[in-house]
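This report refers to the structure that appears directly beneath it.
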Amino acid sequence: MKKIIISFILLLVNAGALWAQKVPKFKVIALYENGGHHIEYSKAAVLWLNKLATEENFTIDYIQSTDKIDSTFLAHYQLFIQLDYPPYAWGDKAVKAFENYIDSGKGGWIGFHHATLLGEFDGYHLWPWFYKFMGEIKFKNYIAKFAKGKVNVEDQKHPVMKGVSPSFWVEKEEWYTYDKSPRPNVTVLASVDENTYEPKDGITMGDHPVVWTNPACKSRNIYIFMGHSPILFESKDYTTLFKNAIFWAVGKK
């Protein structure tokens, strides 16, 4: 009888362990553009994210427009990833829901590349809230023909930078410049050394942060500028940064 009871207890423990493994740690929503010249990056990101989600036991859904976004929709997710989607042409409902999501600390946020395309674009006005969220900067110019550049980590102790080399090369990027550095309004984690650009074409801004977080927000948030070319996913430093950002932003680090 004693053996039967022990066997039953072990069965329950194993069943509980299997159940725990199946329950996802958290849920992620990723927004990306459904076309344009960033689509190849987004396709590579989706493949990489799906693999990571399977390995790390979280779920991820994807949308290619802001039409579905409202407070009820966002309540299902603990992390919002903005993959190369600009901060304009969002519906009013989505704008209000997203602002509330971040201001109320309801979930984390990671933005890439196109998320700082701030200004007057395609007939749309500047989104004031997002302007402040990104450190009060406006898009000014970009290296259309792309350039290689070296990124220097400024805060190696931050959890997002764990395992990332103190300096690493980005082989191909259309580096943006802004009307000013966001540094006074954000916490900078990494910057690009414009003197390392190859080839050089004179499109620079001086102090050039490329990874930062806005500590004024309740939600954990991080912006990572690099996000144009799919070859980024061949870089261990980049994928380490991306993975760390996910677990930090969702509050798991």
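Ligands are numbered from 1 in the order shown, chains are lettered A, B, ... in the order of the structure tokens, and residues start at 1 in each chain.
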
Region 26-212 of chain A: residues DSSP assigns to strand (DSSP E or B), reported as a ChimeraX atom specification
/A:27-32,59-63,79-83,108-112,121,124,139-142,147-153,167-173,176-178,187-198,209-212

Would you mind listing, for every residue of region 78-104 of chain A within 12 Å of region 239-251 of chain A, the two atoms forming the shortest contact and the distance between them in Å to one decimal, using only C-alpha atoms, sorted by chain and ascending residue number, as a Markdown table?
```
| residue | atom | partner | partner_atom | distance |
| --- | --- | --- | --- | --- |
| A:Gln78 | CA | A:Val250 | CA | 6.2 |
| A:Leu79 | CA | A:Val250 | CA | 5.7 |
| A:Phe80 | CA | A:Val250 | CA | 9.0 |
| A:Ile81 | CA | A:Ile246 | CA | 8.6 |
| A:Gln82 | CA | A:Ile246 | CA | 11.8 |
| A:Leu83 | CA | A:Phe242 | CA | 11.5 |
| A:Ile102 | CA | A:Ala249 | CA | 11.5 |
```

Can you pull out every residue from region 107-203 of chain A that DSSP, working from the backbone, puts in helix (DSSP H, G or I), and format the result as an MDAnalysis selection string? chainID A and resid 113:116 128:133 159:161 183:185

Could you dump the residues just selected with C-alpha atoms as a PDB file, in the first residue's frame?
```
ATOM      1  CA  HIS A 113      14.844  51.050 -35.715  1.00  0.00           C
ATOM      2  CA  HIS A 114      11.746  52.591 -37.317  1.00  0.00           C
ATOM      3  CA  ALA A 115      10.272  53.386 -33.883  1.00  0.00           C
ATOM      4  CA  THR A 116      12.265  56.666 -33.860  1.00  0.00           C
ATOM      5  CA  PRO A 128       3.651  64.173 -28.966  1.00  0.00           C
ATOM      6  CA  TRP A 129       3.479  61.359 -26.416  1.00  0.00           C
ATOM      7  CA  PHE A 130       5.800  59.122 -28.435  1.00  0.00           C
ATOM      8  CA  TYR A 131       8.144  62.065 -28.994  1.00  0.00           C
ATOM      9  CA  LYS A 132       8.599  62.367 -25.220  1.00  0.00           C
ATOM     10  CA  PHE A 133       8.757  58.577 -24.842  1.00  0.00           C
ATOM     11  CA  PRO A 159      20.964  43.334 -17.374  1.00  0.00           C
ATOM     12  CA  VAL A 160      20.260  43.986 -21.056  1.00  0.00           C
ATOM     13  CA  MET A 161      24.015  44.037 -21.721  1.00  0.00           C
ATOM     14  CA  ARG A 183      20.830  61.569 -23.831  1.00  0.00           C
ATOM     15  CA  PRO A 184      19.511  64.326 -21.498  1.00  0.00           C
ATOM     16  CA  ASN A 185      16.088  62.641 -21.375  1.00  0.00           C
TER      17      ASN A 185
END
```

Show which residues sit within 7 Å of Val211 (chain A), as a CSV table (one decimal) with N, CA and C atoms, in the first residue's frame. Count only C-alpha atoms, and ignore same-chain residues fewer than 3 positions away.
```
chain,number,residue,atom,x,y,z
A,188,VAL,N,21.2,56.1,-21.5
A,188,VAL,CA,21.9,55.5,-22.7
A,188,VAL,C,22.6,54.3,-22.2
A,189,LEU,N,22.4,53.2,-23.0
A,189,LEU,CA,23.1,51.9,-22.7
A,189,LEU,C,24.2,51.6,-23.7
A,190,ALA,N,24.1,52.2,-24.9
A,190,ALA,CA,25.1,52.0,-25.9
A,190,ALA,C,25.0,53.1,-27.0
A,191,SER,N,26.1,53.4,-27.6
A,191,SER,CA,26.2,54.4,-28.7
A,191,SER,C,27.1,53.9,-29.8
A,223,TYR,N,14.8,50.9,-26.3
A,223,TYR,CA,14.9,51.1,-27.7
A,223,TYR,C,16.2,50.7,-28.3
A,224,ILE,N,16.2,49.9,-29.3
A,224,ILE,CA,17.4,49.4,-30.0
A,224,ILE,C,17.4,49.8,-31.4
A,225,PHE,N,18.3,50.7,-31.8
A,225,PHE,CA,18.2,51.3,-33.1
A,225,PHE,C,18.4,50.3,-34.2
```

Judged by only C-alpha atoms, the minimum distance to Glu99 (chain A) among A:Lys148, A:Lys138, A:Lys218, A:Lys236 is found for A:Lys218

Between A:Asp103, A:Asp193, A:Glu234, A:Asp70, which one has atoms that come closest to Glu154 (chain A), using only C-alpha atoms?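 Ranked by minimum distance to Glu154 (chain A), first place goes to A:Asp193.
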
Give me the residues of region 94-202 of chain A that have any atom at most 10 Å from an atom of region 18-38 of chain A; for each, the nearest atom pair and the distance in Å, rounded to one decimal. Use only C-alpha atoms, sort by chain and number, and format it as a tab-separated table.
```
residue	atom	partner	partner_atom	distance
A:Gly107	CA	A:Val28	CA	9.5
A:Gly108	CA	A:Val28	CA	9.4
A:Trp109	CA	A:Val28	CA	9.7
A:Ile110	CA	A:Ala30	CA	9.4
A:Gly111	CA	A:Leu31	CA	9.7
A:Phe112	CA	A:Tyr32	CA	10.0
A:His113	CA	A:His38	CA	9.5
A:His114	CA	A:His38	CA	8.9
```

Selected residue, from A:Leu126, A:Leu232, A:Ile60, A:Ala53, that lies nearest to Ala89 (chain A) when counting only C-alpha atoms
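So, comparing all the options, the nearest one is A:Leu126.
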
* Hey, what's within 12 Å of Trp175 (chain A) if we count only C-alpha atoms and toss same-chain stuff fewer than 4 positions away? As a ChimeraX atom specification, please? -> /A:113-114,116-117,139-151,170-171,191-194,197-198,200-205,208-210,224-229

Query raised in the report: Please, what distance in Å, to one decimal, runs between CA of Ser181 (chain A) and CA of Ala216 (chain A)?
Result: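 About the pair CA of Ser181 (chain A) and CA of Ala216 (chain A): they are 17.1 Å apart.
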
_Separation of CA of Ser165 (chain A) from CA of Tyr178 (chain A), in Å and rounded to one decimal_ =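 Straight-line distance from CA of Ser165 (chain A) to CA of Tyr178 (chain A) works out to 25.9 Å.
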
- To one decimal in Å, tell me the separation between CA of Val186 (chain A) and CA of Thr66 (chain A).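 Interatomic distance, CA of Val186 (chain A) to CA of Thr66 (chain A): 26.1 Å.
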
From the list A:Tyr238, A:Asp84, A:Leu74, A:His125, the nearest residue to Glu40 (chain A) using only C-alpha atoms is A:Asp84
